[in-house]
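See structure below.
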Amino acid sequence: MHSFHYENGALHCEGVNLNTLADEQGTPLYVYSKATIVDHYRRLAAGMSELDCQICYATKANSNLSVLNLLAKEGAGFDVVSGGEIFRVEKAGGAPGKCTFAGVGKTRAEIELGLEKGIYSFNAESEAEVAFINQVAGELGKVAPIALRVNPNVDAKTHKYISTGKSENKFGIDFEVIEKAYERAAALPNVKIRGLQMHIGSQLTSVKPFVEAVEKVRPFVEALKEKYNIEFFSIGGGIGIVYEDTLASGSDSWWEAQEEKPLTIEEYASQLVPLLKPLGLKIILEPGRFMVGNAGVLITEVLYEKRGSAKTFKIIDAAMNDLIRPALYEGHHDIARLKEPTGEDNEIVDIVGPVCESGDFFAQNRELPGLDAGDRIALLSAGAYGFVMASNYNSRPLPAEILVDGEQAHVIRRRQTMDDLVAGEVIV
Ligand code: LLP
């Protein structure tokens with residue numbers, strides 16, 4: 001289900017008119033649809049229902065407390081990558097016992113926190129880390145549940161910055177040596193081997209690399225089950241979403257409205273469930289983007305038009321500090337005018353932000369409906385890796401975040417103030 005659509009000439013999120021909302025809350029403004037997030041969670045859970053499957057939502061994708069709380073209530077566990085994320089998950093009502101703790105550089109304080117809270121599994125990414133977890137657990141008189149992250153050396157065919165499953169990436173332990181790493185881990189007194197983890201990359205638009213990786217690793221998972229009686233196999237996150245032509249066109253179902261269906265849950269499940277079911281293990285999934293990506297937009301207002309000799313620029317009040325994906329990954333975000341377009345006033349423009357960098361753009365040479373100063377647009381598919389990657393660069397206060405639930409719009413993070421910008425700073 002996709003909850004962004006035009007109604008009476010204005011873009012709505014569920015039952016909320018986004019232009020009215022922006023009048024009240026100002027811009028730039030992140031807006032999320034509760035119904036979409038819940039629908040995505042349930043769709044994935046239903047697709048995998050033949051398995052003993054635990055969805056551990058990748059907290060990093062969107063870690064607002066209300067979003068986490070929503071998913072916790074649906075039954076999600078969480079994949080966390082820092083002490084801060086453990087703190088957030090717990091505050092949001094998530095159960096640490098359903099959390100996996102990933103990341104190549106866990107600190108002593110983070111390991112201690114994970115142990116204290118009773119994290120389900122520390123997913124370790126190197127032998128040095130396993131040794132350190134063993135040491136810290138020993139000092140606290142505890143046994144740490146661990147899994148090793150295998151790097152299966154499979155090409156995820158995604159942007160190089162978000163590909164993680166190749167040997168040249170910093171993630172996981174090479175497939176060729178992981179068996180020995182398990183043997184050494186098994187000999188340590190303060191760790192207990194609980195599973196195996198992998199994650200080959202993000203924004204995968206085909207099921208093939210997932211299948212390739214699972215097929216490659218499966219015999220090893222069977223051997224681990226035999227030898228160490230492991231409980232789970234995590235195949236990570238990475239399910240890609242559609243970033244283009246994302247507005248529903250008449251159909252209730254966003255999925256059905258898609259002409260380009262890079263990776264549907266039906267396909268993901270139908271290819272992977274038969275490979276995973278015979279293992280007889282708990283299967284963990286760590287989706288982030290799939291849950292929240294298409295559930296969020298960033299609303300922004302056109303400040304100025306600037307017609308140069310080569311280009312027409314529309315300067316908006318959102319910038320790369322608010323949504324960095326275009327600048328960092330050349331990520332595409334569809335742009336929708338809040339006032340429904342007629343198709344008659346289209347022009348080719350660049351959409352740029354106010355930050356002093358040439359990389360601060362959201363669209364280049366894109367055909368968009370006419371935009372005058374004061375018009376508002378929505379940068380679509382901004383629910384994942386949007387607000388969480390925002391910064392105060394150029395001393396720009398962070399936008400507010402809104403969660404829409406039917407006709408109701410809840411402020412789930414207030415807009416930062418000027419005082420927030422300098423909080424914690426001192427003049428010596
Ligand atoms: N599990 C692990 C171990 C991960 O490293 C990640 C993402 C996920 C799960 C969730 O992946 P997802 O289902 O969201 O694809 N900022 C980038 C994406 C970075 C992904 C990092 N790891 C972007 O905006 O495209």
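Every chain in the structure tokens has a letter given in the order shown (A, B, ...), and although residue numbers restart at 1 in each chain, ligands are simply numbered from 1 in the order shown.
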
Quick one: residues within 7 Å of stretch 207-219 of chain A, only C-alpha atoms, excluding same-chain residues fewer than 4 positions away - as a count of residues only? 8

Show me which residues line ligand 1, defined as having an atom within 6 Å of a ligand atom where only C-alpha atoms and all ligand atoms count, and present them as a ChimeraX atom specification. /A:58,61,102,162,199,202-203,236-239,286-290,325,385

Output file for the selection above: all heavy atoms, as a CSV table (one decimal), in the first residue's frame:
```csv
chain,number,residue,atom,x,y,z
A,58,ALA,N,16.2,-2.9,10.5
A,58,ALA,CA,17.5,-2.2,10.6
A,58,ALA,C,17.3,-0.8,11.1
A,58,ALA,O,16.9,0.1,10.3
A,58,ALA,CB,18.2,-2.2,9.2
A,61,ALA,N,17.9,2.8,9.4
A,61,ALA,CA,17.2,3.3,8.3
A,61,ALA,C,16.3,4.5,8.7
A,61,ALA,O,16.2,5.5,7.9
A,61,ALA,CB,16.4,2.2,7.6
A,102,ALA,N,25.1,-5.5,15.1
A,102,ALA,CA,26.0,-5.6,14.0
A,102,ALA,C,27.1,-4.5,14.1
A,102,ALA,O,27.0,-3.6,15.0
A,102,ALA,CB,25.2,-5.5,12.7
A,162,ILE,N,27.2,1.1,-1.0
A,162,ILE,CA,26.3,0.3,-0.2
A,162,ILE,C,26.4,-1.2,-0.5
A,162,ILE,O,25.5,-1.9,-0.2
A,162,ILE,CB,24.8,0.9,-0.3
A,162,ILE,CG1,24.4,1.0,-1.7
A,162,ILE,CG2,24.7,2.2,0.5
A,162,ILE,CD1,22.9,1.5,-1.9
A,199,HIS,N,25.1,-10.2,5.1
A,199,HIS,CA,24.4,-9.0,4.5
A,199,HIS,C,25.2,-8.6,3.4
A,199,HIS,O,26.3,-8.1,3.6
A,199,HIS,CB,24.2,-7.9,5.6
A,199,HIS,CG,23.7,-6.6,5.0
A,199,HIS,ND1,22.4,-6.4,4.7
A,199,HIS,CD2,24.3,-5.5,4.6
A,199,HIS,CE1,22.2,-5.2,4.1
A,199,HIS,NE2,23.4,-4.6,4.1
A,202,SER,N,22.9,-3.2,0.1
A,202,SER,CA,21.6,-2.5,0.3
A,202,SER,C,21.1,-2.1,-1.1
A,202,SER,O,21.8,-1.9,-2.1
A,202,SER,CB,21.9,-1.3,1.1
A,202,SER,OG,20.7,-0.7,1.6
A,203,GLN,N,19.7,-1.9,-1.2
A,203,GLN,CA,19.1,-1.5,-2.4
A,203,GLN,C,19.4,-2.5,-3.5
A,203,GLN,O,19.7,-2.2,-4.7
A,203,GLN,CB,19.5,-0.1,-2.8
A,203,GLN,CG,18.8,0.5,-4.0
A,203,GLN,CD,17.3,0.5,-4.0
A,203,GLN,OE1,16.6,0.2,-3.0
A,203,GLN,NE2,16.6,0.7,-5.1
A,236,GLY,N,20.4,-11.0,6.5
A,236,GLY,CA,20.6,-9.5,6.4
A,236,GLY,C,19.4,-8.8,5.8
A,236,GLY,O,18.3,-9.3,5.7
A,237,GLY,N,19.7,-7.6,5.4
A,237,GLY,CA,18.6,-6.8,4.8
A,237,GLY,C,18.9,-6.6,3.3
A,237,GLY,O,19.4,-7.6,2.7
A,238,GLY,N,18.6,-5.5,2.8
A,238,GLY,CA,19.0,-5.2,1.4
A,238,GLY,C,17.9,-5.2,0.4
A,238,GLY,O,18.2,-4.9,-0.8
A,239,ILE,N,16.7,-5.5,0.7
A,239,ILE,CA,15.6,-5.5,-0.3
A,239,ILE,C,15.4,-4.1,-0.8
A,239,ILE,O,15.2,-3.2,-0.1
A,239,ILE,CB,14.3,-6.0,0.4
A,239,ILE,CG1,14.4,-7.4,1.1
A,239,ILE,CG2,13.2,-6.0,-0.7
A,239,ILE,CD1,13.2,-7.8,1.9
A,286,GLU,N,16.9,-8.5,8.1
A,286,GLU,CA,17.2,-7.2,8.7
A,286,GLU,C,16.8,-6.1,7.7
A,286,GLU,O,17.7,-5.3,7.3
A,286,GLU,CB,18.7,-7.2,9.0
A,286,GLU,CG,19.2,-8.2,9.9
A,286,GLU,CD,20.7,-8.4,9.9
A,286,GLU,OE1,21.4,-7.6,9.2
A,286,GLU,OE2,21.2,-9.3,10.5
A,287,PRO,N,15.6,-6.0,7.3
A,287,PRO,CA,15.2,-5.0,6.3
A,287,PRO,C,15.2,-3.6,7.0
A,287,PRO,O,14.7,-3.5,8.1
A,287,PRO,CB,13.9,-5.4,5.9
A,287,PRO,CG,13.3,-6.1,7.1
A,287,PRO,CD,14.4,-6.8,7.8
A,288,GLY,N,15.7,-2.6,6.3
A,288,GLY,CA,15.5,-1.2,6.7
A,288,GLY,C,14.8,-0.5,5.7
A,288,GLY,O,13.6,-0.1,5.9
A,289,ARG,N,15.4,-0.3,4.6
A,289,ARG,CA,14.8,0.6,3.5
A,289,ARG,C,13.4,0.1,3.1
A,289,ARG,O,12.5,0.9,2.9
A,289,ARG,CB,15.8,0.5,2.3
A,289,ARG,CG,15.4,1.5,1.2
A,289,ARG,CD,16.3,1.3,0.0
A,289,ARG,NE,17.7,1.0,0.2
A,289,ARG,CZ,18.6,1.9,0.2
A,289,ARG,NH1,18.4,3.2,-0.2
A,289,ARG,NH2,19.9,1.6,0.5
A,290,PHE,N,13.3,-1.2,3.0
A,290,PHE,CA,12.0,-1.8,2.5
A,290,PHE,C,10.8,-1.3,3.4
A,290,PHE,O,9.7,-1.1,3.0
A,290,PHE,CB,12.1,-3.3,2.4
A,290,PHE,CG,10.7,-3.9,2.2
A,290,PHE,CD1,10.1,-3.9,0.9
A,290,PHE,CD2,10.0,-4.5,3.2
A,290,PHE,CE1,8.9,-4.4,0.7
A,290,PHE,CE2,8.8,-5.1,3.1
A,290,PHE,CZ,8.2,-5.0,1.8
A,325,ARG,N,21.2,11.7,0.3
A,325,ARG,CA,21.4,10.6,-0.7
A,325,ARG,C,21.8,11.0,-2.1
A,325,ARG,O,22.6,10.4,-2.7
A,325,ARG,CB,20.1,9.7,-0.7
A,325,ARG,CG,19.8,9.1,0.7
A,325,ARG,CD,18.8,8.0,0.6
A,325,ARG,NE,19.3,6.8,-0.1
A,325,ARG,CZ,19.2,6.5,-1.3
A,325,ARG,NH1,18.5,7.3,-2.1
A,325,ARG,NH2,19.8,5.5,-1.8
A,385,TYR,N,17.0,6.3,5.4
A,385,TYR,CA,18.3,7.0,5.2
A,385,TYR,C,18.1,8.5,4.8
A,385,TYR,O,18.9,9.0,4.1
A,385,TYR,CB,19.2,6.3,4.2
A,385,TYR,CG,19.3,4.8,4.6
A,385,TYR,CD1,18.7,3.8,3.8
A,385,TYR,CD2,20.0,4.4,5.7
A,385,TYR,CE1,18.8,2.5,4.2
A,385,TYR,CE2,20.1,3.1,6.1
A,385,TYR,CZ,19.5,2.1,5.3
A,385,TYR,OH,19.6,0.8,5.7
```

I'd like the contact shell of A:Val89 - 10 Å cut-off, only C-alpha atoms, skipping same-chain residues fewer than 4 positions apart - returned as a ChimeraX atom specification. /A:59,63-65,68-69,72,77-80,83-85,93-96,99

Just to be explicit: take each residue in the selection above, keep all heavy atoms, and write the result as a compact mmCIF listing (two decimals), in the first residue's frame.
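The new file again_10.txt reads:
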```
# COMPACT_ATOMS: atom_id res chain seq x y z
N THR A 59 17.51 -0.61 12.36
CA THR A 59 17.20 0.65 13.05
C THR A 59 17.78 1.87 12.34
O THR A 59 17.18 2.94 12.31
CB THR A 59 17.75 0.56 14.49
OG1 THR A 59 17.28 -0.65 15.07
CG2 THR A 59 17.31 1.73 15.34
N SER A 63 15.29 5.88 12.69
CA SER A 63 15.32 5.46 14.09
C SER A 63 14.48 6.36 14.99
O SER A 63 14.66 6.39 16.20
CB SER A 63 16.76 5.39 14.58
OG SER A 63 17.40 6.64 14.40
N ASN A 64 13.53 7.09 14.39
CA ASN A 64 12.63 7.88 15.24
C ASN A 64 11.90 6.95 16.21
O ASN A 64 11.43 5.88 15.83
CB ASN A 64 11.62 8.64 14.38
CG ASN A 64 10.75 9.54 15.24
OD1 ASN A 64 9.86 9.06 15.94
ND2 ASN A 64 11.02 10.82 15.22
N LEU A 65 11.77 7.39 17.45
CA LEU A 65 11.16 6.55 18.49
C LEU A 65 9.77 6.06 18.10
O LEU A 65 9.41 4.91 18.38
CB LEU A 65 11.08 7.32 19.82
CG LEU A 65 12.41 7.65 20.50
CD1 LEU A 65 12.16 8.42 21.80
CD2 LEU A 65 13.22 6.39 20.78
N LEU A 68 10.09 3.23 15.59
CA LEU A 68 10.55 2.01 16.26
C LEU A 68 9.42 1.40 17.09
O LEU A 68 9.21 0.19 17.09
CB LEU A 68 11.76 2.30 17.16
CG LEU A 68 13.00 2.88 16.47
CD1 LEU A 68 14.13 3.05 17.48
CD2 LEU A 68 13.47 2.01 15.31
N ASN A 69 8.69 2.26 17.77
CA ASN A 69 7.59 1.79 18.62
C ASN A 69 6.51 1.08 17.79
O ASN A 69 6.01 0.02 18.17
CB ASN A 69 7.00 2.99 19.38
CG ASN A 69 5.77 2.61 20.17
OD1 ASN A 69 4.64 2.87 19.76
ND2 ASN A 69 5.98 1.96 21.30
N ALA A 72 7.92 -2.26 16.84
CA ALA A 72 7.99 -3.14 18.02
C ALA A 72 6.59 -3.72 18.29
O ALA A 72 6.45 -4.91 18.56
CB ALA A 72 8.50 -2.38 19.23
N GLY A 77 11.86 -7.35 15.93
CA GLY A 77 13.08 -7.15 16.68
C GLY A 77 13.86 -6.07 15.94
O GLY A 77 13.35 -5.48 14.98
N PHE A 78 15.06 -5.80 16.37
CA PHE A 78 15.82 -4.72 15.76
C PHE A 78 17.27 -5.11 15.53
O PHE A 78 17.88 -5.78 16.37
CB PHE A 78 15.75 -3.46 16.65
CG PHE A 78 14.35 -2.95 16.78
CD1 PHE A 78 13.52 -3.43 17.79
CD2 PHE A 78 13.82 -2.07 15.86
CE1 PHE A 78 12.20 -3.01 17.89
CE2 PHE A 78 12.51 -1.64 15.96
CZ PHE A 78 11.69 -2.12 16.98
N ASP A 79 17.78 -4.70 14.38
CA ASP A 79 19.20 -4.83 14.14
C ASP A 79 19.81 -3.48 14.50
O ASP A 79 19.42 -2.46 13.93
CB ASP A 79 19.46 -5.18 12.66
CG ASP A 79 20.93 -5.33 12.38
OD1 ASP A 79 21.58 -6.16 13.05
OD2 ASP A 79 21.46 -4.62 11.50
N VAL A 80 20.73 -3.49 15.45
CA VAL A 80 21.32 -2.22 15.91
C VAL A 80 22.82 -2.21 15.59
O VAL A 80 23.43 -3.27 15.44
CB VAL A 80 21.11 -2.02 17.42
CG1 VAL A 80 19.63 -1.92 17.76
CG2 VAL A 80 21.77 -3.12 18.24
N GLY A 83 25.62 1.69 20.52
CA GLY A 83 25.00 1.83 21.83
C GLY A 83 23.80 2.77 21.75
O GLY A 83 22.78 2.56 22.39
N GLY A 84 23.94 3.80 20.94
CA GLY A 84 22.85 4.76 20.78
C GLY A 84 21.59 4.10 20.25
O GLY A 84 20.48 4.42 20.67
N GLU A 85 21.76 3.18 19.31
CA GLU A 85 20.58 2.50 18.77
C GLU A 85 19.97 1.54 19.81
O GLU A 85 18.75 1.39 19.86
CB GLU A 85 20.93 1.75 17.47
CG GLU A 85 21.12 2.72 16.31
CD GLU A 85 21.17 2.07 14.94
OE1 GLU A 85 21.26 0.82 14.84
OE2 GLU A 85 21.15 2.81 13.93
N GLY A 93 10.38 0.91 23.38
CA GLY A 93 9.58 -0.26 23.75
C GLY A 93 9.98 -1.54 23.05
O GLY A 93 9.27 -2.54 23.11
N GLY A 94 11.12 -1.50 22.35
CA GLY A 94 11.62 -2.72 21.70
C GLY A 94 12.29 -3.63 22.71
O GLY A 94 12.76 -3.17 23.76
N ALA A 95 12.32 -4.92 22.40
CA ALA A 95 12.91 -5.89 23.33
C ALA A 95 14.36 -6.17 22.94
O ALA A 95 14.61 -6.68 21.85
CB ALA A 95 12.11 -7.18 23.30
N PRO A 96 15.32 -5.85 23.83
CA PRO A 96 16.72 -6.15 23.50
C PRO A 96 16.95 -7.63 23.20
O PRO A 96 17.79 -7.98 22.39
CB PRO A 96 17.48 -5.74 24.78
CG PRO A 96 16.59 -4.73 25.43
CD PRO A 96 15.19 -5.14 25.11
N CYS A 99 17.07 -8.34 19.65
CA CYS A 99 17.97 -7.47 18.88
C CYS A 99 19.26 -8.17 18.50
O CYS A 99 19.85 -8.89 19.30
CB CYS A 99 18.35 -6.23 19.69
SG CYS A 99 17.02 -5.05 19.83
```

Selection near A:Lys117, 8 Å with only C-alpha atoms, sequence-local residues under 2 positions removed, as a list in words: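 Returned residues: Pro96, Gly97, Leu113, Gly114, Leu115 and Ile119 of chain A.
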
Run DSSP on the backbone and grab whatever in stretch 128-333 of chain A lands in alpha helix (DSSP H); send it over as a VMD selection string. chain A and resid 128 to 139 178 to 186 208 to 228 254 to 257 265 to 276 289 to 292 325 to 329

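Atom CA of A:Asn365 lies 5.5 Å from atom CA of A:Ile348.
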
As a list in words, which residues of stretch 141-246 of chain A does DSSP assign to strand (DSSP E or B)? Ala144, Pro145, Ile146, Ala147, Leu148, Arg149, Val150, Asn151, Ser163, Ile173, Asp174, Val191, Lys192, Ile193, Arg194, Gly195, Leu196, Gln197, Gly201, Leu204, Phe232, Phe233, Ser234 and Ile239 of chain A

How about saving the chosen residues, N, CA and C atoms kept, as a JSON list (two decimals), in the first residue's frame?
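The result, stored in result_0.json:
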```
[["chain", "number", "residue", "atom", "x", "y", "z"],
["A", 144, "ALA", "N", 28.60, -14.22, 26.25],
["A", 144, "ALA", "CA", 27.98, -13.42, 25.18],
["A", 144, "ALA", "C", 27.50, -14.32, 24.05],
["A", 145, "PRO", "N", 26.21, -14.19, 23.66],
["A", 145, "PRO", "CA", 25.74, -14.93, 22.49],
["A", 145, "PRO", "C", 26.30, -14.27, 21.22],
["A", 146, "ILE", "N", 26.91, -15.05, 20.36],
["A", 146, "ILE", "CA", 27.50, -14.44, 19.15],
["A", 146, "ILE", "C", 27.11, -15.20, 17.89],
["A", 147, "ALA", "N", 27.24, -14.47, 16.78],
["A", 147, "ALA", "CA", 27.22, -15.08, 15.45],
["A", 147, "ALA", "C", 28.38, -14.44, 14.72],
["A", 148, "LEU", "N", 28.91, -15.11, 13.74],
["A", 148, "LEU", "CA", 29.92, -14.47, 12.91],
["A", 148, "LEU", "C", 29.24, -14.01, 11.63],
["A", 149, "ARG", "N", 29.73, -12.89, 11.13],
["A", 149, "ARG", "CA", 29.21, -12.42, 9.84],
["A", 149, "ARG", "C", 30.12, -12.93, 8.74],
["A", 150, "VAL", "N", 29.54, -13.68, 7.83],
["A", 150, "VAL", "CA", 30.33, -14.21, 6.73],
["A", 150, "VAL", "C", 30.25, -13.24, 5.56],
["A", 151, "ASN", "N", 31.38, -13.06, 4.91],
["A", 151, "ASN", "CA", 31.40, -12.28, 3.68],
["A", 151, "ASN", "C", 31.47, -13.29, 2.53],
["A", 163, "SER", "N", 27.46, -1.59, -1.16],
["A", 163, "SER", "CA", 27.72, -3.00, -1.43],
["A", 163, "SER", "C", 28.64, -3.50, -0.32],
["A", 173, "ILE", "N", 33.68, -11.83, 7.71],
["A", 173, "ILE", "CA", 34.87, -12.67, 7.67],
["A", 173, "ILE", "C", 34.80, -13.48, 6.38],
["A", 174, "ASP", "N", 35.93, -13.56, 5.68],
["A", 174, "ASP", "CA", 35.92, -14.22, 4.37],
["A", 174, "ASP", "C", 35.40, -15.65, 4.46],
["A", 191, "VAL", "N", 31.98, -16.90, 25.21],
["A", 191, "VAL", "CA", 31.03, -16.66, 24.11],
["A", 191, "VAL", "C", 30.30, -17.96, 23.81],
["A", 192, "LYS", "N", 29.05, -17.77, 23.38],
["A", 192, "LYS", "CA", 28.26, -18.93, 22.97],
["A", 192, "LYS", "C", 27.84, -18.72, 21.52],
["A", 193, "ILE", "N", 28.14, -19.70, 20.68],
["A", 193, "ILE", "CA", 27.81, -19.54, 19.26],
["A", 193, "ILE", "C", 26.32, -19.75, 19.06],
["A", 194, "ARG", "N", 25.68, -18.74, 18.50],
["A", 194, "ARG", "CA", 24.22, -18.82, 18.37],
["A", 194, "ARG", "C", 23.76, -18.86, 16.91],
["A", 195, "GLY", "N", 24.59, -18.37, 15.99],
["A", 195, "GLY", "CA", 24.11, -18.36, 14.61],
["A", 195, "GLY", "C", 25.17, -17.91, 13.62],
["A", 196, "LEU", "N", 24.69, -17.64, 12.42],
["A", 196, "LEU", "CA", 25.53, -17.12, 11.34],
["A", 196, "LEU", "C", 24.78, -15.96, 10.70],
["A", 197, "GLN", "N", 25.53, -14.94, 10.32],
["A", 197, "GLN", "CA", 24.90, -13.76, 9.73],
["A", 197, "GLN", "C", 25.58, -13.41, 8.42],
["A", 201, "GLY", "N", 24.51, -6.36, 0.87],
["A", 201, "GLY", "CA", 24.43, -5.00, 0.35],
["A", 201, "GLY", "C", 23.03, -4.46, 0.48],
["A", 204, "LEU", "N", 19.15, -3.80, -3.25],
["A", 204, "LEU", "CA", 19.26, -4.83, -4.29],
["A", 204, "LEU", "C", 17.95, -4.86, -5.06],
["A", 232, "PHE", "N", 20.14, -19.83, 14.62],
["A", 232, "PHE", "CA", 19.61, -18.94, 13.58],
["A", 232, "PHE", "C", 20.60, -18.71, 12.43],
["A", 233, "PHE", "N", 20.00, -18.32, 11.31],
["A", 233, "PHE", "CA", 20.75, -17.88, 10.15],
["A", 233, "PHE", "C", 20.12, -16.55, 9.74],
["A", 234, "SER", "N", 20.92, -15.47, 9.75],
["A", 234, "SER", "CA", 20.41, -14.17, 9.32],
["A", 234, "SER", "C", 20.89, -13.88, 7.92],
["A", 239, "ILE", "N", 16.68, -5.53, 0.74],
["A", 239, "ILE", "CA", 15.60, -5.55, -0.25],
["A", 239, "ILE", "C", 15.43, -4.14, -0.82]]
```

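Restricting the calculation to only C-alpha atoms, the smallest distance between A:Arg376 and any of A:Leu403, A:Ala336, A:Val292, A:Ile111 is found for A:Ala336.
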
Exercise: A:Glu301 partners within 10 Å, only C-alpha atoms, chain neighbours under 2 positions left out, as a list in words: Ala22, Gly26, Thr27, Pro28, Leu29, Ile299, Leu303, Tyr304, Lys314, Ile315, Ile316, Asp317, Ala318, Arg337, Leu338, Leu371, Asp372, Ala373, Gly374, Asp375, Arg376, Ile377 and Ala378 of chain A

For A:Asp52, which residue out of A:Glu226, A:Glu231, A:Asn346, A:Leu281 is the nearest one, using only C-alpha atoms?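 Using only C-alpha atoms, A:Asp52 sits closest to A:Leu281.
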
Could you give me, as an NGL selection string, the residues within 10 Å of A:Asn8, counting only C-alpha atoms and dropping anything in the same chain fewer than 2 positions from it? :A and (6 or 10-12 or 17 or 339-340)

Let me see the file: selected residues, N, CA, C and O atoms, as a CSV table (one decimal), in the first residue's frame.
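The new file out35.csv reads:
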```
chain,number,residue,atom,x,y,z
A,6,TYR,N,-2.9,12.1,-4.9
A,6,TYR,CA,-3.6,13.4,-5.0
A,6,TYR,C,-5.0,13.3,-4.7
A,6,TYR,O,-5.7,12.3,-5.1
A,10,ALA,N,-4.6,18.2,-4.5
A,10,ALA,CA,-3.4,18.4,-3.6
A,10,ALA,C,-2.9,17.1,-3.1
A,10,ALA,O,-3.6,16.1,-2.9
A,11,LEU,N,-1.5,17.0,-3.0
A,11,LEU,CA,-0.9,15.8,-2.5
A,11,LEU,C,-1.2,15.5,-1.1
A,11,LEU,O,-1.1,16.4,-0.2
A,12,HIS,N,-1.7,14.3,-0.8
A,12,HIS,CA,-2.0,13.9,0.5
A,12,HIS,C,-1.1,12.8,1.0
A,12,HIS,O,-0.7,12.0,0.2
A,17,ASN,N,-3.7,16.6,4.1
A,17,ASN,CA,-3.3,17.5,3.0
A,17,ASN,C,-1.9,18.0,3.3
A,17,ASN,O,-1.7,18.7,4.3
A,339,LYS,N,0.8,20.8,-5.4
A,339,LYS,CA,-0.4,21.2,-6.2
A,339,LYS,C,-0.4,20.3,-7.4
A,339,LYS,O,0.6,20.2,-8.1
A,340,GLU,N,-1.4,19.5,-7.6
A,340,GLU,CA,-1.4,18.5,-8.6
A,340,GLU,C,-1.1,19.0,-10.0
A,340,GLU,O,-1.6,20.0,-10.4
```

Nearest-residue call for A:Ile351, choices A:Ile324, A:Ala310, A:Val411, A:Val302, using only C-alpha atoms: A:Val302
